[in-house]
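Q: File name entry08.cif; file contents mmCIF, C-alpha atoms; chains and numbers go by the auth columns; full text below.
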```cif
data_query
#
loop_
_atom_site.group_PDB
_atom_site.id
_atom_site.type_symbol
_atom_site.label_atom_id
_atom_site.label_comp_id
_atom_site.label_asym_id
_atom_site.label_seq_id
_atom_site.Cartn_x
_atom_site.Cartn_y
_atom_site.Cartn_z
_atom_site.B_iso_or_equiv
_atom_site.auth_seq_id
_atom_site.auth_asym_id
ATOM 1 C CA MET A 1 161.012 38.095 95.301 0.00 290 D
ATOM 2 C CA LYS A 2 163.694 40.747 94.843 0.00 291 D
ATOM 3 C CA PHE A 3 163.374 40.325 91.073 0.00 292 D
ATOM 4 C CA VAL A 4 159.584 40.925 91.130 0.00 293 D
ATOM 5 C CA VAL A 5 159.519 43.953 93.464 0.00 294 D
ATOM 6 C CA PRO A 6 160.456 46.580 90.803 0.00 295 D
ATOM 7 C CA TYR A 7 157.634 45.367 88.557 0.00 296 D
ATOM 8 C CA LEU A 8 155.203 45.557 91.453 0.00 297 D
ATOM 9 C CA ARG A 9 156.261 49.171 91.944 0.00 298 D
ATOM 10 C CA VAL A 10 155.508 49.841 88.273 0.00 299 D
ATOM 11 C CA VAL A 11 152.011 48.359 88.704 0.00 300 D
ATOM 12 C CA ALA A 12 151.455 50.449 91.840 0.00 301 D
ATOM 13 C CA GLY A 13 152.546 53.570 89.966 0.00 302 D
ATOM 14 C CA MET A 14 150.162 52.793 87.102 0.00 303 D
ATOM 15 C CA PHE A 15 147.205 52.406 89.455 0.00 304 D
ATOM 16 C CA ALA A 16 148.249 55.571 91.294 0.00 305 D
ATOM 17 C CA ALA A 17 148.079 57.514 88.004 0.00 306 D
ATOM 18 C CA ILE A 18 144.691 55.985 87.168 0.00 307 D
ATOM 19 C CA THR A 19 143.304 56.813 90.602 0.00 308 D
ATOM 20 C CA LEU A 20 144.598 60.371 90.376 0.00 309 D
ATOM 21 C CA TRP A 21 142.883 60.769 86.998 0.00 310 D
ATOM 22 C CA LEU A 22 139.625 59.475 88.511 0.00 311 D
ATOM 23 C CA ALA A 23 139.974 62.137 91.201 0.00 312 D
ATOM 24 C CA ILE A 24 140.292 64.801 88.491 0.00 313 D
ATOM 25 C CA VAL A 25 137.160 63.438 86.769 0.00 314 D
ATOM 26 C CA GLU A 26 135.255 63.610 90.064 0.00 315 D
ATOM 27 C CA VAL A 27 136.323 67.238 90.505 0.00 316 D
ATOM 28 C CA VAL A 28 135.072 68.040 86.977 0.00 317 D
ATOM 29 C CA ASN A 29 131.726 66.407 87.834 0.00 318 D
ATOM 30 C CA GLY A 30 131.521 68.248 91.166 0.00 319 D
ATOM 31 C CA ASN A 31 131.918 65.186 93.422 0.00 320 D
ATOM 32 C CA PHE A 32 134.545 66.594 95.780 0.00 321 D
ATOM 33 C CA ALA A 33 134.085 63.993 98.533 0.00 322 D
ATOM 34 C CA ASP A 34 134.801 61.144 96.108 0.00 323 D
ATOM 35 C CA ALA A 35 137.700 63.151 94.674 0.00 324 D
ATOM 36 C CA ILE A 36 139.329 63.413 98.114 0.00 325 D
ATOM 37 C CA LEU A 37 138.953 59.652 98.583 0.00 326 D
ATOM 38 C CA PHE A 38 140.598 58.956 95.224 0.00 327 D
ATOM 39 C CA VAL A 39 143.439 61.356 96.026 0.00 328 D
ATOM 40 C CA ALA A 40 144.095 59.489 99.278 0.00 329 D
ATOM 41 C CA PHE A 41 144.247 56.156 97.426 0.00 330 D
ATOM 42 C CA ALA A 42 146.527 57.698 94.792 0.00 331 D
ATOM 43 C CA ALA A 43 148.878 58.998 97.501 0.00 332 D
ATOM 44 C CA GLY A 44 149.115 55.544 99.100 0.00 333 D
ATOM 45 C CA LEU A 45 149.777 53.803 95.794 0.00 334 D
ATOM 46 C CA GLY A 46 152.299 56.477 94.832 0.00 335 D
ATOM 47 C CA TYR A 47 154.181 55.920 98.079 0.00 336 D
ATOM 48 C CA LEU A 48 154.338 52.185 97.349 0.00 337 D
ATOM 49 C CA ALA A 49 155.643 52.964 93.867 0.00 338 D
ATOM 50 C CA ILE A 50 158.378 55.500 94.627 0.00 339 D
ATOM 51 C CA GLY A 51 158.768 55.441 98.423 0.00 340 D
ATOM 52 C CA LYS A 52 161.664 52.964 98.590 0.00 341 D
ATOM 53 C CA PRO A 53 163.623 54.485 95.640 0.00 342 D
ATOM 54 C CA LEU A 54 163.369 57.899 97.284 0.00 343 D
ATOM 55 C CA ARG A 55 164.551 56.503 100.624 0.00 344 D
ATOM 56 C CA ASP A 56 167.478 54.707 98.936 0.00 345 D
ATOM 57 C CA ARG A 57 168.495 57.915 97.171 0.00 346 D
ATOM 58 C CA ARG A 58 168.352 59.856 100.429 0.00 347 D
ATOM 59 C CA ARG A 59 170.546 57.251 102.158 0.00 348 D
ATOM 60 C CA ARG A 60 173.030 57.341 99.269 0.00 349 D
ATOM 61 C CA ILE A 61 173.327 61.134 99.426 0.00 350 D
ATOM 62 C CA LYS A 62 173.736 60.983 103.192 0.00 351 D
ATOM 63 C CA ALA A 63 176.505 58.362 102.832 0.00 352 D
ATOM 64 C CA GLU A 64 178.341 60.543 100.274 0.00 353 D
ATOM 65 C CA GLN A 65 178.150 63.576 102.554 0.00 354 D
ATOM 66 C CA ASP A 66 179.396 61.540 105.548 0.00 355 D
ATOM 67 C CA ALA A 67 182.288 60.131 103.472 0.00 356 D
ATOM 68 C CA ILE A 68 183.344 63.620 102.328 0.00 357 D
ATOM 69 C CA ALA A 69 183.146 64.957 105.887 0.00 358 D
ATOM 70 C CA ALA A 70 185.226 62.027 107.203 0.00 359 D
ATOM 71 C CA ARG A 71 187.825 62.525 104.458 0.00 360 D
ATOM 72 C CA ALA A 72 188.038 66.223 105.280 0.00 361 D
ATOM 73 C CA GLU A 73 188.596 65.442 108.948 0.00 362 D
ATOM 74 C CA VAL A 74 191.340 62.912 108.109 0.00 363 D
ATOM 75 C CA GLY A 75 193.025 65.396 105.766 0.00 364 D
ATOM 76 C CA HIS A 76 192.937 68.102 108.402 0.00 365 D
ATOM 77 C CA ARG A 77 194.580 65.830 110.983 0.00 366 D
ATOM 78 C CA ALA A 78 197.206 64.735 108.443 0.00 367 D
ATOM 79 C CA PHE A 79 197.989 68.365 107.639 0.00 368 D
ATOM 80 C CA LEU A 80 198.429 69.176 111.316 0.00 369 D
ATOM 81 C CA ALA A 81 200.710 66.150 111.633 0.00 370 D
ATOM 82 C CA GLY A 82 202.812 67.417 108.691 0.00 371 D
ATOM 83 C CA ASP A 83 201.771 64.675 106.235 0.00 372 D
ATOM 84 C CA VAL A 84 201.025 66.881 103.215 0.00 373 D
ATOM 85 C CA ARG A 85 200.565 63.944 100.820 0.00 374 D
ATOM 86 C CA ALA A 86 197.880 62.391 102.980 0.00 375 D
ATOM 87 C CA ALA A 87 196.282 65.792 103.512 0.00 376 D
ATOM 88 C CA MET A 88 196.022 66.405 99.728 0.00 377 D
ATOM 89 C CA ALA A 89 194.670 62.955 98.872 0.00 378 D
ATOM 90 C CA PRO A 90 191.472 63.061 96.742 0.00 379 D
ATOM 91 C CA PRO A 91 188.119 62.313 98.392 0.00 380 D
ATOM 92 C CA PRO A 92 186.693 58.806 98.053 0.00 381 D
ATOM 93 C CA ALA A 93 184.616 58.048 94.958 0.00 382 D
ATOM 94 C CA PRO A 94 180.848 58.231 95.582 0.00 383 D
ATOM 95 C CA PRO A 95 178.964 54.918 95.523 0.00 384 D
ATOM 96 C CA LYS A 96 177.340 54.111 92.205 0.00 385 D
ATOM 97 C CA PRO A 97 173.534 54.076 92.115 0.00 386 D
ATOM 98 C CA ALA A 98 171.822 50.793 91.505 0.00 387 D
ATOM 99 C CA ARG A 99 171.243 49.985 87.856 0.00 388 D
ATOM 100 C CA ILE A 100 167.665 49.972 86.586 0.00 389 D
ATOM 101 C CA ARG A 101 166.905 46.839 84.628 0.00 390 D
ATOM 102 C CA ARG A 102 165.801 47.223 81.028 0.00 391 D
ATOM 103 C CA GLY A 103 162.688 45.119 81.650 0.00 392 D
ATOM 104 C CA VAL A 104 161.542 47.533 84.370 0.00 393 D
ATOM 105 C CA VAL A 105 161.998 50.491 82.006 0.00 394 D
ATOM 106 C CA ILE A 106 159.960 48.746 79.298 0.00 395 D
ATOM 107 C CA ALA A 107 157.230 47.842 81.794 0.00 396 D
ATOM 108 C CA ALA A 108 157.065 51.442 83.012 0.00 397 D
ATOM 109 C CA ALA A 109 156.776 52.708 79.415 0.00 398 D
ATOM 110 C CA VAL A 110 153.959 50.250 78.640 0.00 399 D
ATOM 111 C CA ALA A 111 152.135 51.223 81.844 0.00 400 D
ATOM 112 C CA GLY A 112 152.439 54.912 80.994 0.00 401 D
ATOM 113 C CA LEU A 113 151.092 54.264 77.485 0.00 402 D
ATOM 114 C CA LEU A 114 148.095 52.353 78.884 0.00 403 D
ATOM 115 C CA VAL A 115 147.302 55.169 81.289 0.00 404 D
ATOM 116 C CA PHE A 116 147.567 57.739 78.491 0.00 405 D
ATOM 117 C CA MET A 117 145.253 55.731 76.218 0.00 406 D
ATOM 118 C CA GLY A 118 142.742 55.350 79.049 0.00 407 D
ATOM 119 C CA ILE A 119 142.723 59.109 79.667 0.00 408 D
ATOM 120 C CA ILE A 120 142.158 59.841 75.970 0.00 409 D
ATOM 121 C CA SER A 121 139.318 57.289 75.857 0.00 410 D
ATOM 122 C CA ASP A 122 137.735 58.777 78.971 0.00 411 D
ATOM 123 C CA ILE A 123 137.878 62.286 77.520 0.00 412 D
ATOM 124 C CA SER A 124 136.276 61.104 74.273 0.00 413 D
ATOM 125 C CA ASP A 125 133.449 59.476 76.293 0.00 414 D
ATOM 126 C CA GLY A 126 132.629 62.729 78.058 0.00 415 D
ATOM 127 C CA LEU A 127 134.384 62.417 81.446 0.00 416 D
ATOM 128 C CA ASP A 128 131.687 60.263 83.069 0.00 417 D
ATOM 129 C CA SER A 129 131.837 60.082 86.843 0.00 418 D
ATOM 130 C CA PRO A 130 133.050 56.577 87.861 0.00 419 D
ATOM 131 C CA THR A 131 130.752 56.638 90.900 0.00 420 D
ATOM 132 C CA LYS A 132 127.646 57.049 88.725 0.00 421 D
ATOM 133 C CA ASP A 133 128.122 54.169 86.285 0.00 422 D
ATOM 134 C CA ASP A 134 124.966 52.482 87.562 0.00 423 D
ATOM 135 C CA ALA A 135 122.804 55.492 86.845 0.00 424 D
ATOM 136 C CA SER A 136 120.048 55.067 84.293 0.00 425 D
ATOM 137 C CA THR A 137 120.780 56.259 80.789 0.00 426 D
ATOM 138 C CA THR A 138 117.125 56.494 79.750 0.00 427 D
ATOM 139 C CA PRO A 139 116.707 59.824 78.008 0.00 428 D
ATOM 140 C CA GLN A 140 114.633 62.381 79.801 0.00 429 D
ATOM 141 C CA PRO A 141 113.294 64.611 77.064 0.00 430 D
ATOM 142 C CA THR A 142 112.984 68.210 77.971 0.00 431 D
ATOM 143 C CA PRO A 143 109.321 69.075 78.424 0.00 432 D
ATOM 144 C CA ARG A 144 108.180 71.534 75.866 0.00 433 D
ATOM 145 C CA ALA A 145 106.209 74.325 77.317 0.00 434 D
ATOM 146 C CA ALA A 146 102.863 74.888 75.693 0.00 435 D
ATOM 147 C CA ALA A 147 102.312 78.215 74.069 0.00 436 D
ATOM 148 C CA PRO A 148 100.651 80.473 76.625 0.00 437 D
ATOM 149 C CA THR A 149 97.110 81.460 75.772 0.00 438 D
ATOM 150 C CA THR A 150 96.192 84.889 76.927 0.00 439 D
ATOM 151 C CA THR A 151 92.653 86.155 77.132 0.00 440 D
ATOM 152 C CA THR A 152 92.062 89.839 76.715 0.00 441 D
ATOM 153 C CA PRO A 153 89.623 91.197 79.243 0.00 442 D
ATOM 154 C CA SER A 154 86.469 92.513 77.665 0.00 443 D
ATOM 155 C CA THR A 155 85.985 95.324 80.128 0.00 444 D
ATOM 156 C CA THR A 156 86.335 98.717 78.517 0.00 445 D
ATOM 157 C CA SER A 157 86.442 102.206 79.822 0.00 446 D
ATOM 158 C CA ALA A 158 85.999 105.586 78.321 0.00 447 D
ATOM 159 C CA ALA A 159 89.750 106.134 78.190 0.00 448 D
ATOM 160 C CA THR A 160 90.460 102.870 76.384 0.00 449 D
ATOM 161 C CA THR A 161 87.596 103.479 73.975 0.00 450 D
ATOM 162 C CA ALA A 162 88.993 106.887 73.222 0.00 451 D
ATOM 163 C CA ARG A 163 92.446 105.447 72.564 0.00 452 D
ATOM 164 C CA THR A 164 90.951 102.752 70.328 0.00 453 D
ATOM 165 C CA VAL A 165 88.988 105.083 68.107 0.00 454 D
ATOM 166 C CA ALA A 166 91.600 107.847 68.099 0.00 455 D
ATOM 167 C CA PRO A 167 93.154 108.264 64.640 0.00 456 D
ATOM 168 C CA GLU A 168 96.826 107.557 64.210 0.00 457 D
ATOM 169 C CA THR A 169 98.763 110.731 64.049 0.00 458 D
ATOM 170 C CA ALA A 170 102.239 109.170 63.625 0.00 459 D
ATOM 171 C CA PRO A 171 103.381 108.144 60.137 0.00 460 D
ATOM 172 C CA ALA A 172 103.112 104.408 59.476 0.00 461 D
ATOM 173 C CA THR A 173 106.649 104.250 58.138 0.00 462 D
ATOM 174 C CA ARG A 174 108.296 105.574 61.308 0.00 463 D
ATOM 175 C CA ILE A 175 110.333 102.583 62.715 0.00 464 D
ATOM 176 C CA SER A 176 113.154 103.040 65.216 0.00 465 D
ATOM 177 C CA THR A 177 116.626 101.674 64.451 0.00 466 D
ATOM 178 C CA THR A 178 116.444 99.594 67.650 0.00 467 D
ATOM 179 C CA GLN A 179 113.369 97.766 66.330 0.00 468 D
ATOM 180 C CA VAL A 180 115.079 97.137 62.994 0.00 469 D
ATOM 181 C CA ALA A 181 118.137 95.653 64.734 0.00 470 D
ATOM 182 C CA ALA A 182 115.926 93.462 66.927 0.00 471 D
ATOM 183 C CA VAL A 183 114.074 92.111 63.897 0.00 472 D
ATOM 184 C CA ALA A 184 117.307 91.529 62.019 0.00 473 D
ATOM 185 C CA SER A 185 118.871 89.577 64.935 0.00 474 D
ATOM 186 C CA VAL A 186 116.011 87.040 65.203 0.00 475 D
ATOM 187 C CA ALA A 187 116.702 83.658 63.568 0.00 476 D
ATOM 188 C CA VAL A 188 114.553 80.591 63.008 0.00 477 D
ATOM 189 C CA MET A 189 115.226 77.402 64.967 0.00 478 D
ATOM 190 C CA PRO A 190 116.203 74.561 62.590 0.00 479 D
ATOM 191 C CA ASN A 191 115.534 70.846 63.126 0.00 480 D
ATOM 192 C CA VAL A 192 118.715 69.345 64.609 0.00 481 D
ATOM 193 C CA VAL A 193 117.298 66.266 66.370 0.00 482 D
ATOM 194 C CA CYS A 194 119.269 63.046 65.685 0.00 483 D
ATOM 195 C CA MET A 195 122.344 65.020 64.563 0.00 484 D
ATOM 196 C CA ASP A 196 125.653 64.882 66.370 0.00 485 D
ATOM 197 C CA LEU A 197 126.180 67.875 68.648 0.00 486 D
ATOM 198 C CA GLN A 198 128.899 69.452 66.532 0.00 487 D
ATOM 199 C CA ALA A 199 126.781 69.354 63.352 0.00 488 D
ATOM 200 C CA ALA A 200 123.757 70.730 65.236 0.00 489 D
ATOM 201 C CA GLN A 201 125.786 73.644 66.561 0.00 490 D
ATOM 202 C CA ASP A 202 127.111 74.365 63.064 0.00 491 D
ATOM 203 C CA ILE A 203 123.573 74.450 61.607 0.00 492 D
ATOM 204 C CA ILE A 204 122.323 76.749 64.362 0.00 493 D
ATOM 205 C CA GLN A 205 125.248 79.069 63.753 0.00 494 D
ATOM 206 C CA ALA A 206 124.488 79.038 60.028 0.00 495 D
ATOM 207 C CA ALA A 207 120.934 80.136 60.904 0.00 496 D
ATOM 208 C CA GLY A 208 122.401 83.227 62.574 0.00 497 D
ATOM 209 C CA VAL A 209 122.724 82.284 66.262 0.00 498 D
ATOM 210 C CA PHE A 210 126.244 81.583 67.465 0.00 499 D
ATOM 211 C CA TYR A 211 125.594 80.692 71.109 0.00 500 D
ATOM 212 C CA SER A 212 123.646 77.582 72.112 0.00 501 D
ATOM 213 C CA THR A 213 123.794 75.266 75.128 0.00 502 D
ATOM 214 C CA SER A 214 123.724 71.499 75.521 0.00 503 D
ATOM 215 C CA VAL A 215 122.561 69.412 78.497 0.00 504 D
ATOM 216 C CA ASP A 216 122.868 65.743 79.401 0.00 505 D
ATOM 217 C CA ALA A 217 119.471 64.138 78.652 0.00 506 D
ATOM 218 C CA THR A 218 119.988 61.523 81.402 0.00 507 D
ATOM 219 C CA GLY A 219 120.146 64.212 84.083 0.00 508 D
ATOM 220 C CA GLN A 220 123.606 63.114 85.251 0.00 509 D
ATOM 221 C CA GLY A 221 125.198 66.428 84.319 0.00 510 D
ATOM 222 C CA ARG A 222 127.920 64.864 82.162 0.00 511 D
ATOM 223 C CA ALA A 223 130.186 67.297 80.341 0.00 512 D
ATOM 224 C CA GLN A 224 130.174 67.246 76.549 0.00 513 D
ATOM 225 C CA VAL A 225 133.931 67.411 76.003 0.00 514 D
ATOM 226 C CA TRP A 226 133.955 65.891 72.505 0.00 515 D
ATOM 227 C CA ASP A 227 130.885 67.219 70.676 0.00 516 D
ATOM 228 C CA ARG A 228 130.949 64.654 67.856 0.00 517 D
ATOM 229 C CA ASN A 229 130.432 61.806 70.355 0.00 518 D
ATOM 230 C CA TRP A 230 127.026 63.159 71.428 0.00 519 D
ATOM 231 C CA VAL A 231 123.656 62.951 69.624 0.00 520 D
ATOM 232 C CA VAL A 232 120.834 65.494 69.964 0.00 521 D
ATOM 233 C CA VAL A 233 117.642 63.761 71.185 0.00 522 D
ATOM 234 C CA ASP A 234 115.538 66.844 71.887 0.00 523 D
ATOM 235 C CA GLN A 235 115.664 70.569 71.238 0.00 524 D
ATOM 236 C CA THR A 236 114.157 73.680 72.765 0.00 525 D
ATOM 237 C CA PRO A 237 112.509 75.700 71.268 0.00 526 D
ATOM 238 C CA SER A 238 110.722 73.693 68.602 0.00 527 D
ATOM 239 C CA VAL A 239 111.405 73.844 64.887 0.00 528 D
ATOM 240 C CA GLY A 240 110.448 77.148 63.275 0.00 529 D
ATOM 241 C CA ALA A 241 110.433 79.196 66.488 0.00 530 D
ATOM 242 C CA SER A 242 112.223 82.526 66.595 0.00 531 D
ATOM 243 C CA ILE A 243 115.511 82.308 68.510 0.00 532 D
ATOM 244 C CA GLY A 244 118.208 84.642 69.711 0.00 533 D
ATOM 245 C CA GLU A 245 121.633 84.217 71.257 0.00 534 D
ATOM 246 C CA GLY A 246 121.549 81.564 74.017 0.00 535 D
ATOM 247 C CA ASP A 247 117.969 80.453 73.331 0.00 536 D
ATOM 248 C CA PRO A 248 118.660 77.016 71.726 0.00 537 D
ATOM 249 C CA VAL A 249 118.980 74.247 74.340 0.00 538 D
ATOM 250 C CA LEU A 250 119.976 70.814 73.009 0.00 539 D
ATOM 251 C CA SER A 251 119.416 67.647 75.059 0.00 540 D
ATOM 252 C CA VAL A 252 122.053 65.058 74.149 0.00 541 D
ATOM 253 C CA LEU A 253 123.093 61.447 74.751 0.00 542 D
ATOM 254 C CA LYS A 254 126.322 59.671 73.912 0.00 543 D
ATOM 255 C CA GLU A 255 126.314 58.088 70.462 0.00 544 D
ATOM 256 C CA ASP A 256 126.466 54.543 71.904 0.00 545 D
ATOM 257 C CA GLU A 257 123.390 55.105 74.091 0.00 546 D
ATOM 258 C CA PHE A 258 119.789 54.527 72.991 0.00 547 D
ATOM 259 C CA SER A 259 118.467 57.775 71.576 0.00 548 D
ATOM 260 C CA GLY A 260 115.544 56.639 69.393 0.00 549 D
ATOM 261 C CA CYS A 261 117.149 58.039 66.262 0.00 550 D
#
```
Can you dump the structure from the file as structure tokens?
A:
Amino acid sequence: MKFVVPYLRVVAGMFAAITLWLAIVEVVNGNFADAILFVAFAAGLGYLAIGKPLRDRRRRIKAEQDAIAARAEVGHRAFLAGDVRAAMAPPPAPPKPARIRRGVVIAAAVAGLLVFMGIISDISDGLDSPTKDDASTTPQPTPRAAAPTTTTPSTTSAATTARTVAPETAPATRISTTQVAAVASVAVMPNVVCMDLQAAQDIIQAAGVFYSTSVDATGQGRAQVWDRNWVVVDQTPSVGASIGEGDPVLSVLKEDEFSGC
């Protein structure tokens, strides 16, 4: 059993790191109650992993300090008794720490590598909340608002009739610089459905708009950390509409989820 205990500590440390990472993911997704629960589990597993080594180190330091204090007391008494040789004797050698077996070091390195690979894989998948794995991944396309139809009231008055029939006195070529800048800043929304998120953003930027937003089409609020792992399944506004900065909204799913593309 004494041979297996160090390896069990390595396993406990690995699961403590995994649980701590899950707590970080929950914080990113806004689930603070679940994050606190994961932190508590991580603390317990961490204590199982490093609690005994820390206690052993504390006892070893305490034993060294007690040995030095005892040797100082003996030397002081020897000096008072006139025994200079005994008073000047060197302090006892500190106890050597326990050797760490090579197998335990290799197991700890492998466990650390597995945790690191899991974190990288989780980041590439978009930092999904582990407490929402059973949520439906059916895409919820963003409803497109119909173009508003406005009806002009047919009631007229003398003032409006006068303004209608009044001749234009201003030159037709008089356009303010503000209007020119507004016209120049309007771009046309391209078709980016079924493209990966990174390519869609690049095309929108090439059209003249550099700021667009993306939302999780499942409604789970997952963060799009790695844009190339997400596919656009819907876009707002529709193709050909005039857009400005911040107007394009892209609904996305992960590339391994059903998107209809």
Q: Using all atoms listed in the file, determine which residues lie at most 12 Å from Glu353 in chain D, disregarding the query and same-chain residues fewer than 2 positions distant; provide the list as an MDAnalysis selection string.
A: chainID D and resid 346:351 355:360 380:386
Q: As a short mmCIF file (atom, residue, chain, number, x, y, z; two decimals) with C-alpha atoms, in the frame of the given file, please: the residues near Leu542 in chain D (cut-off 7 Å, only C-alpha atoms, same-chain neighbours under 5 positions excluded).
A:
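Printed below is out26.cif as written:
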```
data_model
loop_
_atom_site.label_atom_id
_atom_site.label_comp_id
_atom_site.auth_asym_id
_atom_site.auth_seq_id
_atom_site.Cartn_x
_atom_site.Cartn_y
_atom_site.Cartn_z
CA ASP D 505 122.87 65.74 79.40
CA ALA D 506 119.47 64.14 78.65
CA TRP D 519 127.03 63.16 71.43
CA VAL D 520 123.66 62.95 69.62
CA VAL D 521 120.83 65.49 69.96
CA VAL D 522 117.64 63.76 71.18
CA SER D 548 118.47 57.78 71.58
#
```
Q: As an exercise, work out the distance from CA of Thr502 in chain D to CA of Ile409 in chain D in Å and give it to one decimal place.
A: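 A separation of 24.0 Å between them.
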Q: Find the residues near His365 in chain D: any atom within 7 Å, counting all atoms listed in the file, skip ones fewer than 4 places away on the same chain, and give them as an MDAnalysis selection string.
A: chainID D and resid 361 369 376
Q: Could you tell me how far CA of Ser410 in chain D sits from CA of Ser503 in chain D, in Å to one decimal place?
A: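 About the pair CA of Ser503 in chain D and CA of Ser410 in chain D: they are 21.1 Å apart.
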Q: Take the PyMOL selection byres ((chain D and resi 526) around 9), apply it to the structure above, and return the hits as a ChimeraX atom specification.
A: /D:433-434,478,524-525,527-532,536-538
Q: I need the residues from that last selection saved to file as an mmCIF file, in the coordinates of the input (with C-alpha atoms), if you can.
A:
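See part-v1.cif below for the written result:
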```cif
data_model
loop_
_atom_site.group_PDB
_atom_site.id
_atom_site.type_symbol
_atom_site.label_atom_id
_atom_site.label_comp_id
_atom_site.auth_asym_id
_atom_site.auth_seq_id
_atom_site.Cartn_x
_atom_site.Cartn_y
_atom_site.Cartn_z
ATOM 1 C CA ARG D 433 108.180 71.534 75.866
ATOM 2 C CA ALA D 434 106.209 74.325 77.317
ATOM 3 C CA MET D 478 115.226 77.402 64.967
ATOM 4 C CA GLN D 524 115.664 70.569 71.238
ATOM 5 C CA THR D 525 114.157 73.680 72.765
ATOM 6 C CA SER D 527 110.722 73.693 68.602
ATOM 7 C CA VAL D 528 111.405 73.844 64.887
ATOM 8 C CA GLY D 529 110.448 77.148 63.275
ATOM 9 C CA ALA D 530 110.433 79.196 66.488
ATOM 10 C CA SER D 531 112.223 82.526 66.595
ATOM 11 C CA ILE D 532 115.511 82.308 68.510
ATOM 12 C CA ASP D 536 117.969 80.453 73.331
ATOM 13 C CA PRO D 537 118.660 77.016 71.726
ATOM 14 C CA VAL D 538 118.980 74.247 74.340
#
```
Q: Once the PyMOL selection byres ((chain D and resi 332-343) around 12) is applied to the coordinates I shared, what remains selected? I want it as a PyMOL selection string.
A: chain D and resi 294-309+312+325-331+344-350+386-389+397
Q: Please expand the PyMOL selection byres ((chain D and resi 413) around 12) into the concrete residues it hits in this file, giving the result as JSON, numbers by chain.
A: {"D": [406, 407, 408, 409, 410, 411, 412, 414, 415, 416, 417, 512, 513, 514, 515, 516, 517, 518, 519, 543, 544]}
Q: Keeping only C-alpha atoms, write the selected residues to a file as a short mmCIF file (atom, residue, chain, number, x, y, z; two decimals), in the frame of the given file.
A:
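Below you can see out.cif, which holds the result:
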```cif
data_model
loop_
_atom_site.label_atom_id
_atom_site.label_comp_id
_atom_site.auth_asym_id
_atom_site.auth_seq_id
_atom_site.Cartn_x
_atom_site.Cartn_y
_atom_site.Cartn_z
CA MET D 406 145.25 55.73 76.22
CA GLY D 407 142.74 55.35 79.05
CA ILE D 408 142.72 59.11 79.67
CA ILE D 409 142.16 59.84 75.97
CA SER D 410 139.32 57.29 75.86
CA ASP D 411 137.74 58.78 78.97
CA ILE D 412 137.88 62.29 77.52
CA ASP D 414 133.45 59.48 76.29
CA GLY D 415 132.63 62.73 78.06
CA LEU D 416 134.38 62.42 81.45
CA ASP D 417 131.69 60.26 83.07
CA ALA D 512 130.19 67.30 80.34
CA GLN D 513 130.17 67.25 76.55
CA VAL D 514 133.93 67.41 76.00
CA TRP D 515 133.96 65.89 72.50
CA ASP D 516 130.88 67.22 70.68
CA ARG D 517 130.95 64.65 67.86
CA ASN D 518 130.43 61.81 70.36
CA TRP D 519 127.03 63.16 71.43
CA LYS D 543 126.32 59.67 73.91
CA GLU D 544 126.31 58.09 70.46
#
```
Q: To one decimal in Å, tell me the separation between CA of Leu539 in chain D and CA of Gly510 in chain D.
A: 13.2 Å
Q: Box for range 317-330 of chain D: with edges along x, y and z, all listed atoms inside and 8 Å added on each side, what are the centre and edge lengths in Å to one decimal, as AutoDock Vina command-line options?
A:
```
--center_x 137.9 --center_y 62.2 --center_z 93.1 --size_x 28.7 --size_y 28.1 --size_z 28.3
```
